[in-house]
Structures are given as C-alpha cells and as structure tokens.
$ cat model_34.txt   # compact mmCIF, C-alpha atoms
# COMPACT_ATOMS: atom_id res chain seq x y z
CA MET A 143 104.76 -4.43 -45.85
CA LYS A 144 104.32 -1.99 -48.73
CA PRO A 145 100.83 -1.15 -49.90
CA ALA A 146 100.04 -2.39 -53.39
CA THR A 147 100.33 0.16 -56.14
CA LYS A 148 97.45 0.87 -58.50
CA SER A 149 99.29 -0.68 -61.45
CA LYS A 150 100.08 -3.87 -59.48
CA THR A 151 96.45 -4.14 -58.34
CA ARG A 152 95.26 -3.58 -61.93
CA LYS A 153 97.69 -6.24 -63.16
CA GLU A 154 96.34 -8.73 -60.60
CA ILE A 155 92.75 -7.99 -61.64
CA VAL A 156 93.62 -8.47 -65.32
CA THR A 157 95.38 -11.76 -64.45
CA LEU A 158 92.36 -12.94 -62.48
CA TRP A 159 90.02 -12.09 -65.38
CA LYS A 160 92.27 -13.91 -67.85
CA TYR A 161 92.35 -16.89 -65.49
CA THR A 162 88.54 -16.82 -65.29
CA ILE A 163 88.22 -16.71 -69.10
CA GLY A 164 90.80 -19.48 -69.60
CA SER A 165 89.18 -21.59 -66.89
CA THR A 166 85.75 -21.06 -68.43
CA ILE A 167 86.93 -22.24 -71.85
CA SER A 168 88.68 -25.23 -70.26
CA TYR A 169 85.55 -25.96 -68.25
CA LEU A 170 83.28 -25.86 -71.32
CA ILE A 171 85.52 -28.42 -73.02
CA ASN A 172 85.38 -30.49 -69.84
CA LEU A 173 81.59 -30.23 -69.63
CA ALA A 174 81.20 -31.34 -73.25
CA ILE A 175 83.37 -34.39 -72.55
CA VAL A 176 81.41 -35.23 -69.37
CA ILE A 177 78.02 -34.92 -71.08
CA VAL A 178 79.05 -36.95 -74.14
CA MET A 179 80.65 -39.66 -72.04
CA THR A 180 77.76 -39.87 -69.56
CA ASP A 181 74.70 -39.37 -71.78
CA VAL A 182 75.91 -40.67 -75.14
CA LEU A 183 78.42 -43.36 -74.17
CA GLY A 184 76.79 -44.39 -70.88
CA VAL A 185 79.92 -43.99 -68.74
CA HIS A 186 79.39 -43.45 -64.97
CA TYR A 187 79.33 -39.71 -64.15
CA LEU A 188 82.33 -39.92 -61.79
CA LEU A 189 84.51 -41.58 -64.45
CA SER A 190 83.32 -39.00 -66.97
CA THR A 191 84.24 -36.26 -64.49
CA ILE A 192 87.77 -37.60 -64.17
CA ALA A 193 88.20 -37.97 -67.93
CA GLY A 194 86.86 -34.48 -68.54
CA TYR A 195 89.18 -33.08 -65.93
CA ALA A 196 92.18 -34.35 -67.90
CA SER A 197 91.21 -31.86 -70.60
CA ILE A 198 91.28 -29.11 -67.98
CA VAL A 199 94.87 -29.97 -67.04
CA ILE A 200 96.04 -29.62 -70.62
CA THR A 201 94.02 -26.60 -71.75
CA SER A 202 94.46 -24.59 -68.56
CA TYR A 203 98.24 -25.22 -68.60
CA ILE A 204 98.47 -23.97 -72.18
CA PHE A 205 96.41 -20.88 -71.31
CA SER A 206 98.46 -20.28 -68.16
CA VAL A 207 101.88 -20.31 -69.80
CA THR A 208 100.95 -18.59 -73.04
CA TRP A 209 98.39 -15.97 -72.01
CA ILE A 210 97.35 -15.66 -68.36
CA PHE A 211 100.48 -15.35 -66.23
CA THR A 212 103.37 -13.04 -67.13
CA GLU A 213 105.82 -14.33 -64.54
CA ARG A 214 107.03 -17.85 -63.91
CA LYS A 215 108.82 -19.28 -60.92
CA ILE A 216 110.10 -22.62 -62.24
CA ALA A 217 112.56 -22.57 -65.12
CA SER A 218 112.00 -26.18 -66.21
CA ARG A 219 108.74 -26.59 -68.08
CA GLY A 220 108.70 -30.30 -67.24
CA LYS A 221 108.90 -29.60 -63.50
CA GLU A 222 106.43 -26.76 -63.89
CA PHE A 223 103.93 -29.03 -65.68
CA VAL A 224 104.28 -31.71 -62.98
CA ALA A 225 103.66 -29.13 -60.24
CA PHE A 226 100.78 -27.63 -62.25
CA SER A 227 99.28 -31.10 -62.72
CA ALA A 228 99.62 -31.87 -59.01
CA ILE A 229 97.72 -28.70 -58.09
CA THR A 230 95.09 -29.43 -60.73
CA ILE A 231 94.77 -33.07 -59.63
CA PHE A 232 94.21 -31.88 -56.05
CA ALA A 233 91.44 -29.61 -57.36
CA MET A 234 90.08 -32.59 -59.32
CA GLY A 235 89.99 -34.63 -56.11
CA MET A 236 88.00 -31.86 -54.47
CA ASN A 237 85.80 -31.80 -57.59
CA VAL A 238 85.10 -35.55 -57.47
CA LEU A 239 84.33 -35.46 -53.74
CA SER A 240 81.98 -32.53 -54.33
CA MET A 241 80.33 -34.38 -57.23
CA MET A 242 79.83 -37.42 -54.99
CA PHE A 243 78.28 -35.19 -52.34
CA PHE A 244 76.02 -33.11 -54.59
CA THR A 245 74.94 -35.88 -56.97
CA GLY A 246 75.29 -38.99 -54.83
CA TYR A 247 74.05 -37.60 -51.53
CA LEU A 248 71.91 -34.55 -52.37
CA HIS A 249 70.69 -36.11 -55.66
CA TRP A 250 71.41 -33.06 -57.79
CA HIS A 251 71.61 -33.64 -61.54
CA TYR A 252 75.24 -34.36 -62.44
CA VAL A 253 75.46 -31.33 -64.78
CA VAL A 254 74.36 -28.95 -62.00
CA SER A 255 76.85 -30.59 -59.63
CA ASN A 256 79.54 -30.31 -62.28
CA ILE A 257 78.95 -26.58 -62.75
CA VAL A 258 79.06 -25.87 -59.01
CA THR A 259 82.08 -28.07 -58.32
CA ASN A 260 84.10 -26.72 -61.24
CA PHE A 261 83.49 -23.18 -60.04
CA LEU A 262 84.86 -24.21 -56.64
CA ALA A 263 87.77 -26.07 -58.24
CA THR A 264 88.70 -22.94 -60.19
CA LEU A 265 89.00 -21.07 -56.90
CA TRP A 266 90.93 -23.95 -55.27
CA GLY A 267 93.37 -23.94 -58.19
CA TYR A 268 94.08 -20.23 -58.69
CA VAL A 269 95.77 -19.38 -55.41
CA PRO A 270 98.36 -22.20 -55.35
CA LYS A 271 99.13 -21.76 -59.04
CA LYS A 272 99.68 -18.04 -58.53
CA LEU A 273 101.75 -18.50 -55.35
CA PHE A 274 103.90 -21.47 -56.30
CA LEU A 275 104.20 -21.38 -60.07
CA PHE A 276 103.46 -18.06 -61.70
CA SER A 277 105.17 -15.34 -59.73
CA GLY A 278 108.78 -14.33 -59.26
CA ARG A 279 110.59 -14.80 -62.56
CA ASN A 280 109.75 -12.40 -65.29
CA ARG A 281 109.60 -14.43 -68.50
CA LYS A 282 106.97 -13.25 -70.91
CA PRO A 283 104.55 -15.91 -72.17
CA ALA A 284 105.06 -14.64 -75.72
CA GLU A 285 108.62 -16.03 -75.56
CA ILE A 286 107.24 -19.55 -75.18
CA GLU A 287 106.70 -21.65 -78.26
CA ILE A 288 103.90 -24.24 -78.35
CA GLU A 289 106.57 -26.96 -78.77
CA GLU A 290 107.88 -26.01 -75.33
CA VAL A 291 104.44 -26.60 -73.80
CA MET A 292 103.36 -29.76 -75.61
CA PRO A 293 105.71 -32.75 -75.72
CA SER A 294 107.13 -33.74 -79.08
CA PHE A 295 108.09 -37.22 -80.18
CA ASP A 296 110.32 -36.00 -83.04
CA ASN A 297 113.51 -36.78 -81.13
CA VAL A 298 112.45 -40.28 -80.14
CA GLU A 299 114.17 -42.88 -82.31
CA GLU A 300 112.00 -45.82 -81.37
CA LEU A 301 108.78 -45.80 -79.40
CA PRO A 302 107.97 -48.88 -77.33
CA ILE A 303 105.17 -51.01 -78.73
CA PRO A 304 102.92 -52.11 -75.89
CA PHE A 305 101.23 -55.48 -75.66
CA ILE A 306 103.19 -57.37 -78.28
CA TYR A 307 103.61 -60.93 -77.22
CA GLU A 308 106.58 -63.11 -78.05
CA ASP A 309 104.63 -65.33 -80.45
CA GLU A 310 103.52 -62.25 -82.43
CA VAL A 311 107.13 -61.10 -82.83
CA THR A 312 108.16 -64.58 -83.97
CA GLU A 313 105.36 -64.64 -86.57
CA GLU A 314 106.44 -61.24 -87.92
CA GLU A 315 110.07 -62.35 -88.17
CA ASN A 316 109.04 -65.49 -90.12
CA ARG A 317 107.21 -63.46 -92.78

$ encode --input "model_34.txt" --output "structure tokens"
Amino acid sequence: MKPATKSKTRKEIVTLWKYTIGSTISYLINLAIVIVMTDVLGVHYLLSTIAGYASIVITSYIFSVTWIFTERKIASRGKEFVAFSAITIFAMGMNVLSMMFFTGYLHWHYVVSNIVTNFLATLWGYVPKKLFLFSGRNRKPAEIEIEEVMPSFDNVEELPIPFIYEDEVTEEENR
C-alpha cells in the first residue's frame, strides 16, 4: 500500500472540514425544527427528532454534491440519493436510540441529548458516505445544477390528487 501524499492528505482534511461545516449548518436547521416542534407545537421530542432529521437528509445531500465532495461513485443521482438517504436514515436510527437513552433513561434535557447524538451521527455518517458514495469518479460538483439535485415536477403532466372520494368527483362533474 502506498503512503498518502501530502496533497491527498490535505485534500482529505479540507473535505472533512467542509463536511463538518455542512453538517453543522444542517444540524442547526434540524435543531431549530426540533425546538419549535417540541416547545412551541408540543410535539413529542422523538417525533420532533425524526422530523428535524428529514431536513438533515436534504440539506446535507445538497452540500455533499455541490460543495463537499469532489468525486462521486454513482452516476445516477436518483440511486445516489437513495443510498445517501439510507446511510442518513441509519444515522438517524442511531440518533433516535441515543436520544431515547440520554433523555429517556439518563433524563438529560432533550436539547443536550440532541447536540450529543447529532455529533455522533455526523461521525456515523461520514465514513460510509465517503467510502460508498463520494470517491472514485471524478465529477466536479460545480458541474451539477440544482435541478439535478432537487426533483422537478415540470415534466409531470398530471399529478395524482390524493383523498378525493367518488362522490366528490361526481359533484364536481355535475357543476
């Protein structure tokens, strides 16, 4: 095995710092959602944790593909997002279990538990993302347009309308 060069080591350190910054921003958004849902809306802290974590999936994916990682392994962004989400959902599971332990068992305040568990989840998420998603191919993030990251409904001719009952359709047709 070849020893790492200085430039490769520097690149890895820069990537790790970018990941830390992106994760911190994603986490702050998550924390705001958790606090508002728990303290303002009265939602149980574990449900708030799960809802807040959804924001982490979206924001950290956008940071990852546009700024943090310079190489990508999976050509299909759809497959990449599914794999990214699976890794992040695993970290969320670890986060929820840790929240249950720290808040439910040790009786820590949920915000303190959230800070500790999200720090751990950041570590649990970096290694698999780096190994399985963002190494190998050399496609610069600057080549990626935001439309490639976020789904667009422009090409959808007709969106399904959920929860319309037959009698409602009949009433609309009679008008």

$ closest_atom_pairs --input "model_34.txt" --of "region 155-229 of chain A" --to "region 251-270 of chain A" --cutoff "7 Å" --atoms "all atoms listed in the file" --output "CSV"
residue,atom,partner,partner_atom,distance
A:Ser165,CA,A:Thr264,CA,6.9
A:Tyr187,CA,A:Tyr252,CA,6.9
A:Ile229,CA,A:Gly267,CA,6.4

$ closest_residue --input "model_34.txt" --among "A:Val176, A:Ile167, A:Ile210, A:Leu275" --to "Gly194 (chain A)" --atoms "all atoms listed in the file"
A:Val176

$ residues_around --input "model_34.txt" --residues "region 168-172 of chain A" --least-positions-apart "4" --cutoff "8 Å" --atoms "only C-alpha atoms" --output "MDAnalysis selection string"
chainID A and resid 164 176 191 194:195 197:198 201:202 260

$ closest_residue --input "model_34.txt" --among "A:Phe205, A:Leu248, A:Ser227, A:Ala233" --to "Ile163 (chain A)" --atoms "all atoms listed in the file"
A:Phe205

$ closest_residue --input "model_34.txt" --among "A:Leu273, A:Val199, A:Met236, A:Leu188" --to "Lys215 (chain A)" --atoms "only C-alpha atoms"
A:Leu273

$ closest_residue --input "model_34.txt" --among "A:Thr162, A:Thr245, A:Ser277, A:Asn237" --to "Ile192 (chain A)" --atoms "only C-alpha atoms"
A:Asn237

$ atom_distance --input "model_34.txt" --atom1 "CA of Ile175 (chain A)" --atom2 "CA of Ala196 (chain A)"
10.0 Å

$ closest_residue --input "model_34.txt" --among "A:Ser149, A:Met234, A:Val207, A:Trp250" --to "Glu222 (chain A)" --atoms "all atoms listed in the file"
A:Val207

$ atom_distance --input "model_34.txt" --atom1 "CA of Thr212 (chain A)" --atom2 "CA of Val156 (chain A)"
10.9 Å

$ closest_residue --input "model_34.txt" --among "A:Thr151, A:His249, A:Phe276, A:Ser240" --to "Ala217 (chain A)" --atoms "all atoms listed in the file"
A:Phe276

$ atom_distance --input "model_34.txt" --atom1 "CA of Phe232 (chain A)" --atom2 "CA of Tyr161 (chain A)"
17.8 Å

$ residues_around --input "model_34.txt" --residues "Met179 (chain A)" --least-positions-apart "4" --cutoff "9 Å" --atoms "only C-alpha atoms" --output "list of chain:residue names"
A:Ala174, A:Ile175, A:Leu183, A:Gly184, A:Val185, A:His186, A:Tyr187, A:Leu189, A:Ser190, A:Ala193, A:Gly194

$ axis_aligned_box --input "model_34.txt" --around "region 262-266 of chain A" --padding-each-side "8 Å" --output "JSON"
{"center_x": 87.9, "center_y": -23.6, "center_z": -57.7, "size_x": 22.1, "size_y": 21.0, "size_z": 20.9}

$ decode --input "model_34.txt" --residues "region 179-200 of chain A" --atoms "N, CA and C atoms" --output "mmCIF file, in the first residue's frame"
data_model
loop_
_atom_site.group_PDB
_atom_site.id
_atom_site.type_symbol
_atom_site.label_atom_id
_atom_site.label_comp_id
_atom_site.auth_asym_id
_atom_site.auth_seq_id
_atom_site.Cartn_x
_atom_site.Cartn_y
_atom_site.Cartn_z
ATOM 1 N N MET A 179 -40.857 22.444 17.124
ATOM 2 C CA MET A 179 -41.885 21.402 17.200
ATOM 3 C C MET A 179 -42.144 20.963 18.638
ATOM 4 N N THR A 180 -41.086 20.821 19.439
ATOM 5 C CA THR A 180 -41.241 20.324 20.802
ATOM 6 C C THR A 180 -41.782 21.405 21.732
ATOM 7 N N ASP A 181 -41.139 22.565 21.764
ATOM 8 C CA ASP A 181 -41.507 23.604 22.727
ATOM 9 C C ASP A 181 -42.687 24.466 22.297
ATOM 10 N N VAL A 182 -42.785 24.754 21.011
ATOM 11 C CA VAL A 182 -43.859 25.642 20.552
ATOM 12 C C VAL A 182 -45.114 24.848 20.185
ATOM 13 N N LEU A 183 -44.925 23.762 19.435
ATOM 14 C CA LEU A 183 -46.072 22.995 18.961
ATOM 15 C C LEU A 183 -46.467 21.841 19.884
ATOM 16 N N GLY A 184 -45.617 21.508 20.857
ATOM 17 C CA GLY A 184 -45.943 20.465 21.821
ATOM 18 C C GLY A 184 -45.834 19.043 21.291
ATOM 19 N N VAL A 185 -45.052 18.835 20.238
ATOM 20 C CA VAL A 185 -44.854 17.503 19.673
ATOM 21 C C VAL A 185 -43.842 16.753 20.540
ATOM 22 N N HIS A 186 -44.014 15.431 20.700
ATOM 23 C CA HIS A 186 -43.084 14.611 21.487
ATOM 24 C C HIS A 186 -41.673 14.752 20.914
ATOM 25 N N TYR A 187 -40.654 14.794 21.778
ATOM 26 C CA TYR A 187 -39.284 15.070 21.341
ATOM 27 C C TYR A 187 -38.753 14.038 20.356
ATOM 28 N N LEU A 188 -39.193 12.779 20.445
ATOM 29 C CA LEU A 188 -38.702 11.784 19.489
ATOM 30 C C LEU A 188 -39.294 12.015 18.090
ATOM 31 N N LEU A 189 -40.557 12.394 18.025
ATOM 32 C CA LEU A 189 -41.164 12.712 16.724
ATOM 33 C C LEU A 189 -40.529 13.974 16.137
ATOM 34 N N SER A 190 -40.245 14.941 16.993
ATOM 35 C CA SER A 190 -39.570 16.156 16.539
ATOM 36 C C SER A 190 -38.182 15.831 16.010
ATOM 37 N N THR A 191 -37.508 14.905 16.673
ATOM 38 C CA THR A 191 -36.171 14.490 16.244
ATOM 39 C C THR A 191 -36.222 13.878 14.849
ATOM 40 N N ILE A 192 -37.203 13.037 14.607
ATOM 41 C CA ILE A 192 -37.335 12.402 13.293
ATOM 42 C C ILE A 192 -37.661 13.446 12.225
ATOM 43 N N ALA A 193 -38.581 14.339 12.515
ATOM 44 C CA ALA A 193 -38.940 15.385 11.554
ATOM 45 C C ALA A 193 -37.745 16.290 11.262
ATOM 46 N N GLY A 194 -37.022 16.666 12.297
ATOM 47 C CA GLY A 194 -35.849 17.509 12.099
ATOM 48 C C GLY A 194 -34.777 16.808 11.289
ATOM 49 N N TYR A 195 -34.686 15.510 11.457
ATOM 50 C CA TYR A 195 -33.664 14.763 10.737
ATOM 51 C C TYR A 195 -33.936 14.722 9.241
ATOM 52 N N ALA A 196 -35.204 14.845 8.855
ATOM 53 C CA ALA A 196 -35.533 14.903 7.428
ATOM 54 C C ALA A 196 -34.849 16.108 6.779
ATOM 55 N N SER A 197 -34.758 17.207 7.515
ATOM 56 C CA SER A 197 -34.079 18.384 6.979
ATOM 57 C C SER A 197 -32.587 18.116 6.792
ATOM 58 N N ILE A 198 -32.034 17.277 7.651
ATOM 59 C CA ILE A 198 -30.618 16.926 7.519
ATOM 60 C C ILE A 198 -30.378 16.144 6.237
ATOM 61 N N VAL A 199 -31.279 15.230 5.906
ATOM 62 C CA VAL A 199 -31.122 14.442 4.677
ATOM 63 C C VAL A 199 -31.024 15.370 3.480
ATOM 64 N N ILE A 200 -31.937 16.298 3.396
ATOM 65 C CA ILE A 200 -31.992 17.185 2.229
ATOM 66 C C ILE A 200 -30.816 18.157 2.192
#
